[in-house]
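J.: Attaching a single structure in structure tokens format; questions to follow.
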Amino acid sequence: MQRIGLIGRLTIAAGIGGLAIGLAGMFAVDRYATQALLERVEELNQGVAARLAFSFDDRILRTVVALKVEALNEDVVSLNRARATPELAAVLRVASEYDVLSLYDRTGKPVASSASRFLADPTTVEPRKDVFDEVREMGFAVSVRRGRISALEIAAPVESPPGTMIGALVAQMPLEGIGGAIASFRLGRTGKASLLDPQGRTLVHQDRGRIVRAQRIDTAQGIDGTSGSSVVSTQDGEELLVSVAPTQIFQGSVAIEQTLADVTQPLAGARRILILIVFLSVLATAGVILIAGRRVLAPIQPLMVAVRDLGSGDRMARAPNPKRSDEIGLLSEQFNRMANALEGFDRAKSEFIANAAHELRTPLTVVSGLSELLTRRDALSPKDLDEVCEGLVRQGARARILVERMLDLLRIESGHVAATRQPLNIATVIQRALDAAPAPDGRTIEIEVDPELAVVADEVALEQVISNLLTNAYRYGGSVITISGAQSGDRVQIMIEDDGDGVSAAAAKHLFEPFNRGTQADGIGSGLGLAIVRKLMASMEGTVRYEERTPNGARFVLELEGQRGSSSRG
Amino acid sequence: MGRVLAVDDEQDILLMLRVALRLAGHDFLYAETGEEALDLLGREAVDTMLLDIRLPGIDGWEVLQRVRADQDLQGVKIIMMSAHSSPSTLLRASELGCFAYLTKPFTLEQLSEMVAETFSA
């Protein structure tokens, strides 16, 4: 039973899964990949910033330079020849917080130096001829040796008098960390990682893993001093992805530039793979559907033939081979069951019509015969004439009642009259039924019902049920008819019994079927009373059954939902 | 003209048959059950019997078979009356030796003609 279902479900799952992966992937590529990359760059930047987490406070240096430069000035002239004065030594000692501090004269020759808080021999410091030209104002520089950053420099001009430069003070600190970080970026052919000073000027940048000093000190493209990533267009019309992260070392920043094409190129590959996944999943789905379709359609063919034949009126049409254990077998079985039920309904309907016609034949024969006699009324005695007229009235009424009962039955069956469900006092309903069907002379009715006993039912329907059963008892029962009630749990039983001959076991089987009249029928009954009783009880979700009464007689038991709170005394 | 016995449990059928057959000049006897009919046949001379199939107690078929089996009653012509009119019912009636079969509803003319035929046969 599950085979085709499993194939179908797997097919659909595979198809939907493939399509979902493909479409979601393409969507992601289109919408989020670039952003995801930017986020990765940002993470990288933050990593770099973390690696540069040693502090350098250039304010101290600035203070030193600003306060002590006056004191220095007197001695600077003689620095070339003399050892450092105690004042200079003090300044240098303070400044030696910054690893290496050197004082150069206007020729770029070191005149004093400190290292690790101690004055060093200035002759061990390399002269820097161009330092005087480079350091026109307080600023940063990076010294590079063999493709690596050797140090970050902060240089300040020494002026005496103010406005006249006589030397330069340069503090150096190692920058292996930041140099390594910049060198470590894997940036492809066109990528560039740069170290920028606080003004956004490029100090150094990475070139194929090596650090080189910027040829010209340029302001980097698209850097506006804030960290983050953005896409900028170059003058060549190329789009650059620029990411900036601040360094904590000197208010500078690290900038990474890549052409957008380099960034998106790996994504294009992913996109091609995703398109392939979509294509393959569609292909696989189609294949499975084709195979499963054949397996499903082949056994459906005879079922379709049966459906068509039944539809065009062949009541005997049935689906072959309902022994299969899959959905087709189940469907065939259900179809056959439906066809059998239809045939049953059809037969019941035919029987009903045949029975109805049969029942109408006697009154029609009599009515037509007696009315024919009326046309020869001159030949009839007054007594015959009276009898003929009375017979006409009787049989006319009989035909009318028969038709009315049939319509009642059809109406209840079609469910056009919905039964209401309300609490009803049983004694009251019985009294109404007795008013509608009063006992004929010679019959005694005994009522043994708790006056508090109540059921949930439709008032009109229940009254008709009881009056039908009473009429039945008058017609076929004995002289005493007993109506009693009992409650057990939430169900209430109403018993209507008589002391007549009862119903034979064979007749009892068909008692509630339409047109099953007792053998003692007086010709007035329609044969539909008990069928109507059963239908009405069903419409109130109740039941009716026949029981043999001892020692003799018939007992009809109605069972309905009891009204809560009513007495349980029977 | 002759003596006609009608057997039916429907009072108004008997009424109709009685008035109609007497108008046609026949003697009319009736019975409401099969037992009554057989009892009456043992006492009275009857030319023609109109016999309903559905009767309380022994039914029309049984009465028909008993009458046909009775040597003294071979002269009685039997017309079955019923609302049943299937070919198998008619065939059965014919096989059991019934003279004619009247299907309800029938007209008085059909009745008179058929009863008249039993006398001319």
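Starting from 1 in every chain, residues are counted up; chains themselves are A, B, ... following the order of the structure tokens, and ligands are numbered from 1 as listed.
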Hey, which bits of chain A sit within 12 Å of chain B, and for each residue what's the closest pair of atoms and how far apart in Å (one decimal), counting only C-alpha atoms, rows by chain and increasing number, as JSON lines?

T.:
```
{"residue": "A:Ala354", "atom": "CA", "partner": "B:His84", "partner_atom": "CA", "distance": 10.0}
{"residue": "A:Asn355", "atom": "CA", "partner": "B:Ala83", "partner_atom": "CA", "distance": 10.1}
{"residue": "A:Ala356", "atom": "CA", "partner": "B:Ala83", "partner_atom": "CA", "distance": 11.3}
{"residue": "A:Ala357", "atom": "CA", "partner": "B:Ala83", "partner_atom": "CA", "distance": 8.9}
{"residue": "A:His358", "atom": "CA", "partner": "B:Ala83", "partner_atom": "CA", "distance": 5.9}
{"residue": "A:Glu359", "atom": "CA", "partner": "B:Ala83", "partner_atom": "CA", "distance": 8.3}
{"residue": "A:Leu360", "atom": "CA", "partner": "B:Pro105", "partner_atom": "CA", "distance": 8.9}
{"residue": "A:Arg361", "atom": "CA", "partner": "B:Pro105", "partner_atom": "CA", "distance": 5.3}
{"residue": "A:Thr362", "atom": "CA", "partner": "B:Lys104", "partner_atom": "CA", "distance": 6.6}
{"residue": "A:Pro363", "atom": "CA", "partner": "B:Pro105", "partner_atom": "CA", "distance": 8.5}
{"residue": "A:Leu364", "atom": "CA", "partner": "B:Pro105", "partner_atom": "CA", "distance": 6.3}
{"residue": "A:Thr365", "atom": "CA", "partner": "B:Pro105", "partner_atom": "CA", "distance": 4.3}
{"residue": "A:Val366", "atom": "CA", "partner": "B:Ile13", "partner_atom": "CA", "distance": 5.9}
{"residue": "A:Val367", "atom": "CA", "partner": "B:Met16", "partner_atom": "CA", "distance": 9.0}
{"residue": "A:Ser368", "atom": "CA", "partner": "B:Thr107", "partner_atom": "CA", "distance": 7.0}
{"residue": "A:Gly369", "atom": "CA", "partner": "B:Leu108", "partner_atom": "CA", "distance": 5.8}
{"residue": "A:Leu370", "atom": "CA", "partner": "B:Met16", "partner_atom": "CA", "distance": 5.9}
{"residue": "A:Ser371", "atom": "CA", "partner": "B:Met16", "partner_atom": "CA", "distance": 9.6}
{"residue": "A:Glu372", "atom": "CA", "partner": "B:Leu108", "partner_atom": "CA", "distance": 7.4}
{"residue": "A:Leu373", "atom": "CA", "partner": "B:Ala20", "partner_atom": "CA", "distance": 7.0}
{"residue": "A:Leu374", "atom": "CA", "partner": "B:Ala20", "partner_atom": "CA", "distance": 10.5}
{"residue": "A:Thr375", "atom": "CA", "partner": "B:Ala20", "partner_atom": "CA", "distance": 11.8}
{"residue": "A:Arg376", "atom": "CA", "partner": "B:Leu23", "partner_atom": "CA", "distance": 9.4}
{"residue": "A:Arg377", "atom": "CA", "partner": "B:Leu23", "partner_atom": "CA", "distance": 10.6}
{"residue": "A:Asp378", "atom": "CA", "partner": "B:Leu23", "partner_atom": "CA", "distance": 11.0}
{"residue": "A:Ala379", "atom": "CA", "partner": "B:Leu23", "partner_atom": "CA", "distance": 7.4}
{"residue": "A:Leu380", "atom": "CA", "partner": "B:Leu23", "partner_atom": "CA", "distance": 7.8}
{"residue": "A:Ser381", "atom": "CA", "partner": "B:Val19", "partner_atom": "CA", "distance": 9.5}
{"residue": "A:Pro382", "atom": "CA", "partner": "B:Val19", "partner_atom": "CA", "distance": 11.8}
{"residue": "A:Lys383", "atom": "CA", "partner": "B:Val19", "partner_atom": "CA", "distance": 10.6}
{"residue": "A:Asp384", "atom": "CA", "partner": "B:Val19", "partner_atom": "CA", "distance": 7.0}
{"residue": "A:Leu385", "atom": "CA", "partner": "B:Val19", "partner_atom": "CA", "distance": 9.2}
{"residue": "A:Asp386", "atom": "CA", "partner": "B:Leu15", "partner_atom": "CA", "distance": 11.2}
{"residue": "A:Glu387", "atom": "CA", "partner": "B:Leu15", "partner_atom": "CA", "distance": 7.6}
{"residue": "A:Val388", "atom": "CA", "partner": "B:Leu15", "partner_atom": "CA", "distance": 7.3}
{"residue": "A:Cys389", "atom": "CA", "partner": "B:Asp12", "partner_atom": "CA", "distance": 10.7}
{"residue": "A:Glu390", "atom": "CA", "partner": "B:Asp12", "partner_atom": "CA", "distance": 9.2}
{"residue": "A:Gly391", "atom": "CA", "partner": "B:Asp12", "partner_atom": "CA", "distance": 5.8}
{"residue": "A:Leu392", "atom": "CA", "partner": "B:Asp12", "partner_atom": "CA", "distance": 8.5}
{"residue": "A:Val393", "atom": "CA", "partner": "B:Asp12", "partner_atom": "CA", "distance": 10.6}
{"residue": "A:Arg394", "atom": "CA", "partner": "B:Asp12", "partner_atom": "CA", "distance": 8.5}
{"residue": "A:Gln395", "atom": "CA", "partner": "B:Asp12", "partner_atom": "CA", "distance": 7.8}
{"residue": "A:Gly396", "atom": "CA", "partner": "B:Asp12", "partner_atom": "CA", "distance": 11.3}
{"residue": "A:Arg398", "atom": "CA", "partner": "B:Asp12", "partner_atom": "CA", "distance": 11.4}
{"residue": "A:Arg517", "atom": "CA", "partner": "B:Pro56", "partner_atom": "CA", "distance": 11.5}
{"residue": "A:Gly518", "atom": "CA", "partner": "B:Pro56", "partner_atom": "CA", "distance": 9.5}
{"residue": "A:Thr519", "atom": "CA", "partner": "B:Pro56", "partner_atom": "CA", "distance": 5.7}
{"residue": "A:Gln520", "atom": "CA", "partner": "B:Pro56", "partner_atom": "CA", "distance": 6.6}
{"residue": "A:Ala521", "atom": "CA", "partner": "B:Pro56", "partner_atom": "CA", "distance": 8.7}
{"residue": "A:Asp522", "atom": "CA", "partner": "B:Glu10", "partner_atom": "CA", "distance": 7.4}
{"residue": "A:Gly523", "atom": "CA", "partner": "B:Glu10", "partner_atom": "CA", "distance": 6.4}
{"residue": "A:Ile524", "atom": "CA", "partner": "B:Glu10", "partner_atom": "CA", "distance": 9.7}
```

J.: What gap, in Å, lies between CA of Val254 in chain A and CA of Asp236 in chain A?

T.: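 Going from CA of Val254 in chain A over to CA of Asp236 in chain A, I get 23.6 Å.
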
J.: Please indicate the distance in Å from CA of Phe335 in chain A to CA of Gly293 in chain A, rounded to one decimal place.

T.: 20.8 Å

J.: Could you state the separation of CA of Thr444 in chain A and CA of Asn552 in chain A in Å, given to one decimal place?

T.: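 Those two atoms sit 16.5 Å apart.
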
J.: So which residues touch range 454-460 of chain A within 12 Å, counting only C-alpha atoms, skipping near sequence neighbours fewer than 4 positions away, as a count of residues only?

T.: 53

J.: Can you list, as a PyMOL selection string, all residues belonging to range 310-542 of chain A that DSSP tags as alpha helix (DSSP H)?

T.: chain A and resi 310-311+327-374+382-414+426-436+459-476+505-509+529-539

J.: For Gly75 in chain B, which residue among B:Ser120, B:Thr48, B:Thr89, B:Gln110 is the nearest when counting only C-alpha atoms?

T.: B:Thr48

J.: Residues within 12 Å of range 505-508 of chain A, please, as a PyMOL selection string. Count only C-alpha atoms; anything in the same chain fewer than 3 positions from it doesn't count.

T.: chain A and resi 501-502+511-513+515-519+530+545-548+554-556

J.: Determine, counting only C-alpha atoms, which protein, DNA and RNA residues have an atom within 9 Å of an atom of Ser143 in chain A; residues of the same chain fewer than 5 positions away are not included. Present the result as a ChimeraX atom specification.

T.: /A:148-153,213
